[in-house]
Every structure is written in structure tokens, then in C-alpha cells.
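Structure data follow from my_file-v9.txt (compact mmCIF, N, CA and C atoms):
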# COMPACT_ATOMS: atom_id res chain seq x y z
N MET A 1 -42.89 9.44 -157.79
CA MET A 1 -43.85 8.38 -158.02
C MET A 1 -43.26 7.06 -157.53
N LEU A 2 -44.06 6.27 -156.85
CA LEU A 2 -43.60 5.00 -156.34
C LEU A 2 -43.61 3.94 -157.42
N THR A 3 -42.61 3.08 -157.40
CA THR A 3 -42.59 1.95 -158.32
C THR A 3 -43.51 0.87 -157.76
N ASN A 4 -43.78 -0.15 -158.57
CA ASN A 4 -44.63 -1.25 -158.10
C ASN A 4 -44.02 -1.95 -156.90
N ASP A 5 -42.68 -2.10 -156.89
CA ASP A 5 -42.02 -2.74 -155.75
C ASP A 5 -42.19 -1.90 -154.49
N GLN A 6 -42.08 -0.59 -154.61
CA GLN A 6 -42.24 0.29 -153.46
C GLN A 6 -43.67 0.26 -152.95
N LYS A 7 -44.62 0.22 -153.83
CA LYS A 7 -46.02 0.17 -153.42
C LYS A 7 -46.28 -1.08 -152.59
N ALA A 8 -45.64 -2.18 -152.92
CA ALA A 8 -45.84 -3.43 -152.21
C ALA A 8 -45.25 -3.37 -150.80
N GLU A 9 -44.30 -2.46 -150.56
CA GLU A 9 -43.63 -2.37 -149.28
C GLU A 9 -44.36 -1.50 -148.27
N ILE A 10 -45.34 -0.74 -148.70
CA ILE A 10 -46.06 0.14 -147.79
C ILE A 10 -46.90 -0.70 -146.84
N ASP A 11 -46.83 -0.38 -145.56
CA ASP A 11 -47.60 -1.05 -144.52
C ASP A 11 -49.07 -0.63 -144.67
N LEU A 12 -49.92 -1.57 -145.02
CA LEU A 12 -51.33 -1.24 -145.28
C LEU A 12 -52.04 -0.72 -144.03
N ASP A 13 -51.71 -1.24 -142.86
CA ASP A 13 -52.31 -0.73 -141.63
C ASP A 13 -51.92 0.74 -141.43
N ALA A 14 -50.65 1.05 -141.71
CA ALA A 14 -50.18 2.43 -141.59
C ALA A 14 -50.88 3.32 -142.61
N LEU A 15 -51.05 2.81 -143.81
CA LEU A 15 -51.72 3.59 -144.85
C LEU A 15 -53.13 3.96 -144.42
N VAL A 16 -53.86 3.00 -143.91
CA VAL A 16 -55.24 3.25 -143.46
C VAL A 16 -55.24 4.22 -142.29
N SER A 17 -54.37 3.99 -141.32
CA SER A 17 -54.32 4.83 -140.13
C SER A 17 -53.92 6.27 -140.46
N VAL A 18 -52.87 6.43 -141.26
CA VAL A 18 -52.40 7.77 -141.62
C VAL A 18 -53.43 8.48 -142.50
N THR A 19 -54.05 7.77 -143.40
CA THR A 19 -55.08 8.38 -144.25
C THR A 19 -56.25 8.87 -143.40
N ALA A 20 -56.70 8.05 -142.46
CA ALA A 20 -57.80 8.45 -141.58
C ALA A 20 -57.41 9.67 -140.76
N ARG A 21 -56.18 9.68 -140.27
CA ARG A 21 -55.70 10.83 -139.48
C ARG A 21 -55.63 12.09 -140.35
N ALA A 22 -55.14 11.94 -141.58
CA ALA A 22 -55.06 13.09 -142.49
C ALA A 22 -56.45 13.64 -142.79
N ILE A 23 -57.43 12.77 -142.98
CA ILE A 23 -58.80 13.23 -143.21
C ILE A 23 -59.30 14.00 -141.99
N GLU A 24 -59.03 13.48 -140.81
CA GLU A 24 -59.45 14.14 -139.57
C GLU A 24 -58.81 15.53 -139.45
N VAL A 25 -57.52 15.62 -139.73
CA VAL A 25 -56.79 16.88 -139.57
C VAL A 25 -57.11 17.88 -140.68
N LEU A 26 -57.19 17.39 -141.92
CA LEU A 26 -57.34 18.28 -143.06
C LEU A 26 -58.80 18.54 -143.44
N GLY A 27 -59.71 17.73 -142.92
CA GLY A 27 -61.12 18.03 -143.09
C GLY A 27 -61.88 17.26 -144.15
N THR A 28 -61.22 16.89 -145.24
CA THR A 28 -61.92 16.12 -146.28
C THR A 28 -61.01 15.04 -146.84
N ARG A 29 -61.65 14.04 -147.40
CA ARG A 29 -60.89 12.95 -148.03
C ARG A 29 -60.04 13.47 -149.18
N GLU A 30 -60.60 14.37 -149.97
CA GLU A 30 -59.88 14.89 -151.14
C GLU A 30 -58.63 15.66 -150.72
N LYS A 31 -58.76 16.51 -149.70
CA LYS A 31 -57.59 17.25 -149.20
C LYS A 31 -56.54 16.30 -148.64
N ALA A 32 -56.99 15.28 -147.92
CA ALA A 32 -56.05 14.32 -147.34
C ALA A 32 -55.29 13.55 -148.42
N LEU A 33 -56.00 13.10 -149.43
CA LEU A 33 -55.34 12.34 -150.50
C LEU A 33 -54.37 13.22 -151.28
N ARG A 34 -54.75 14.46 -151.50
CA ARG A 34 -53.84 15.40 -152.19
C ARG A 34 -52.59 15.63 -151.33
N TRP A 35 -52.78 15.81 -150.03
CA TRP A 35 -51.65 16.03 -149.13
C TRP A 35 -50.72 14.83 -149.10
N LEU A 36 -51.28 13.63 -149.08
CA LEU A 36 -50.46 12.42 -149.05
C LEU A 36 -49.57 12.28 -150.29
N ARG A 37 -49.98 12.91 -151.38
CA ARG A 37 -49.23 12.80 -152.65
C ARG A 37 -48.35 14.02 -152.94
N THR A 38 -48.33 14.99 -152.04
CA THR A 38 -47.60 16.23 -152.24
C THR A 38 -46.27 16.18 -151.51
N PRO A 39 -45.16 16.50 -152.18
CA PRO A 39 -43.87 16.56 -151.47
C PRO A 39 -43.92 17.60 -150.34
N ILE A 40 -43.42 17.21 -149.18
CA ILE A 40 -43.44 18.05 -147.99
C ILE A 40 -42.00 18.37 -147.59
N ARG A 41 -41.71 19.65 -147.42
CA ARG A 41 -40.34 20.08 -147.11
C ARG A 41 -39.80 19.39 -145.86
N SER A 42 -40.60 19.31 -144.81
CA SER A 42 -40.12 18.71 -143.56
C SER A 42 -39.91 17.20 -143.67
N LEU A 43 -40.35 16.61 -144.77
CA LEU A 43 -40.10 15.19 -145.04
C LEU A 43 -39.01 15.03 -146.10
N GLY A 44 -38.17 16.04 -146.24
CA GLY A 44 -37.09 15.98 -147.22
C GLY A 44 -37.60 16.08 -148.64
N ASP A 45 -38.67 16.84 -148.83
CA ASP A 45 -39.32 16.99 -150.14
C ASP A 45 -39.79 15.66 -150.72
N ARG A 46 -40.13 14.73 -149.84
CA ARG A 46 -40.75 13.47 -150.25
C ARG A 46 -42.22 13.52 -149.88
N THR A 47 -43.01 12.70 -150.52
CA THR A 47 -44.43 12.67 -150.22
C THR A 47 -44.68 11.89 -148.93
N PRO A 48 -45.71 12.25 -148.18
CA PRO A 48 -46.06 11.45 -147.00
C PRO A 48 -46.29 9.98 -147.38
N LEU A 49 -46.92 9.75 -148.50
CA LEU A 49 -47.17 8.37 -148.94
C LEU A 49 -45.88 7.58 -149.06
N SER A 50 -44.84 8.19 -149.58
CA SER A 50 -43.57 7.47 -149.77
C SER A 50 -42.88 7.18 -148.44
N GLN A 51 -43.27 7.86 -147.38
CA GLN A 51 -42.66 7.66 -146.07
C GLN A 51 -43.24 6.47 -145.32
N LEU A 52 -44.33 5.91 -145.82
CA LEU A 52 -45.00 4.82 -145.11
C LEU A 52 -44.33 3.47 -145.29
N GLU A 53 -43.12 3.49 -145.80
CA GLU A 53 -42.37 2.25 -146.03
C GLU A 53 -41.64 1.77 -144.78
N THR A 54 -41.42 2.67 -143.81
CA THR A 54 -40.66 2.31 -142.61
C THR A 54 -41.37 2.84 -141.37
N PRO A 55 -41.13 2.22 -140.22
CA PRO A 55 -41.72 2.73 -138.99
C PRO A 55 -41.29 4.18 -138.70
N ASP A 56 -40.03 4.52 -138.97
CA ASP A 56 -39.57 5.90 -138.75
C ASP A 56 -40.30 6.87 -139.67
N GLY A 57 -40.52 6.48 -140.91
CA GLY A 57 -41.25 7.32 -141.85
C GLY A 57 -42.68 7.54 -141.42
N ILE A 58 -43.31 6.50 -140.94
CA ILE A 58 -44.69 6.60 -140.45
C ILE A 58 -44.75 7.59 -139.29
N THR A 59 -43.80 7.49 -138.38
CA THR A 59 -43.74 8.41 -137.24
C THR A 59 -43.55 9.84 -137.71
N ARG A 60 -42.68 10.07 -138.70
CA ARG A 60 -42.46 11.42 -139.22
C ARG A 60 -43.74 12.00 -139.82
N VAL A 61 -44.47 11.19 -140.57
CA VAL A 61 -45.73 11.66 -141.17
C VAL A 61 -46.75 11.98 -140.08
N GLU A 62 -46.85 11.13 -139.08
CA GLU A 62 -47.78 11.39 -137.98
C GLU A 62 -47.39 12.66 -137.23
N ASP A 63 -46.09 12.90 -137.07
CA ASP A 63 -45.62 14.12 -136.41
C ASP A 63 -46.01 15.36 -137.21
N VAL A 64 -45.86 15.29 -138.54
CA VAL A 64 -46.24 16.43 -139.38
C VAL A 64 -47.74 16.70 -139.25
N LEU A 65 -48.54 15.65 -139.26
CA LEU A 65 -49.99 15.83 -139.10
C LEU A 65 -50.31 16.45 -137.74
N GLY A 66 -49.61 16.05 -136.71
CA GLY A 66 -49.81 16.64 -135.40
C GLY A 66 -49.46 18.12 -135.37
N ARG A 67 -48.38 18.49 -136.05
CA ARG A 67 -47.99 19.91 -136.13
C ARG A 67 -49.04 20.72 -136.89
N ILE A 68 -49.55 20.14 -137.98
CA ILE A 68 -50.60 20.82 -138.74
C ILE A 68 -51.83 21.02 -137.85
N GLU A 69 -52.21 19.97 -137.15
CA GLU A 69 -53.41 20.03 -136.31
C GLU A 69 -53.29 21.11 -135.23
N HIS A 70 -52.10 21.28 -134.69
CA HIS A 70 -51.90 22.22 -133.58
C HIS A 70 -51.38 23.58 -134.05
N GLY A 71 -51.30 23.76 -135.36
CA GLY A 71 -50.89 25.05 -135.90
C GLY A 71 -49.42 25.37 -135.73
N VAL A 72 -48.60 24.35 -135.55
CA VAL A 72 -47.16 24.53 -135.38
C VAL A 72 -46.48 24.10 -136.69
N TRP A 73 -46.88 24.71 -137.74
CA TRP A 73 -46.40 24.30 -139.06
C TRP A 73 -45.41 25.23 -139.59
As C-alpha cells, the full file:
Amino acid sequence: MLTNDQKAEIDLDALVSVTARAIEVLGTREKALRWLRTPIRSLGDRTPLSQLETPDGITRVEDVLGRIEHGVW
């Protein structure tokens, strides 16, 4: 769970962009939001949402979504 300080550090443009991409890849808003809050092994068992604090984290989340989209998961 993110602390209030961590929530303030998330790039809002990245949050909107990654959320929209997750909806596109996963099919529904509900699935995308659940995925964003679920620890992912390829992200070091961290949630995609927690990775949006840095440019590298954003890139990692986008890469995972790309792998899901292309079935290379």
C-alpha cells in the first residue's frame, strides 16, 4: 500500500496514460484497475501502480503491458 507521500510522487500524466493502456490491453476498466493494484512478479512483486514513481518504473509497466498484449507473458 502506498503512503500519502508516495501517492503525491506518482506522475499523474503517467497514471492516466498507463491506466488507459491497461484498459485497452485488459479489456475493461475494472480489470485494469485490479491489475494496477496487484503485485506482479516481473516488477519484483510490486504493484504496477507503485512503479509509476519513476520514469524507469513507468517504462517497466508499459513493457509488461506490451508483453501481455502480444501474449509474451
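By all atoms listed in the file, and with residues fewer than 6 positions from Ala32 of chain A along its chain excluded, the set lying at most 6 Å from it is Ala22, Ile23 and Leu26 of chain A.
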task = Compare A:Ala14, A:Arg46, A:Gly71, A:Lys31 by their minimum atom-to-atom distance to Ile58 of chain A, counting all atoms listed in the file, and give me the closest one.
result = A:Ala14
query = Which polymer residues have any atom within 10 Å of an atom of Leu65 of chain A, counting only C-alpha atoms, with same-chain residues fewer than 2 positions away left out, as a VMD selection string?
reply = chain A and resid 18 21 to 22 24 to 26 48 59 to 63 67 to 73
task = Rounded to one decimal place, report the atom CA of Ser50 of chain A-atom N of Arg34 of chain A distance in Å.
result = 13.3 Å
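One distance worth recording is that between atom CA of Thr28 of chain A and atom C of Glu53 of chain A, which is 24.9 Å.
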key: Secondary structure check, helix (DSSP H, G or I) residues of segment 1-58 of chain A, as JSON, numbers by chain   = {"A": [4, 5, 6, 7, 8, 9, 12, 13, 14, 15, 16, 17, 18, 19, 20, 21, 22, 23, 24, 25, 26, 29, 30, 31, 32, 33, 34, 35, 36, 41, 42, 43, 49, 50, 51, 52, 53, 55, 56, 57, 58]}
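In this model, the gap between atom CA of Leu43 of chain A and atom CA of Leu12 of chain A comes to 19.9 Å.
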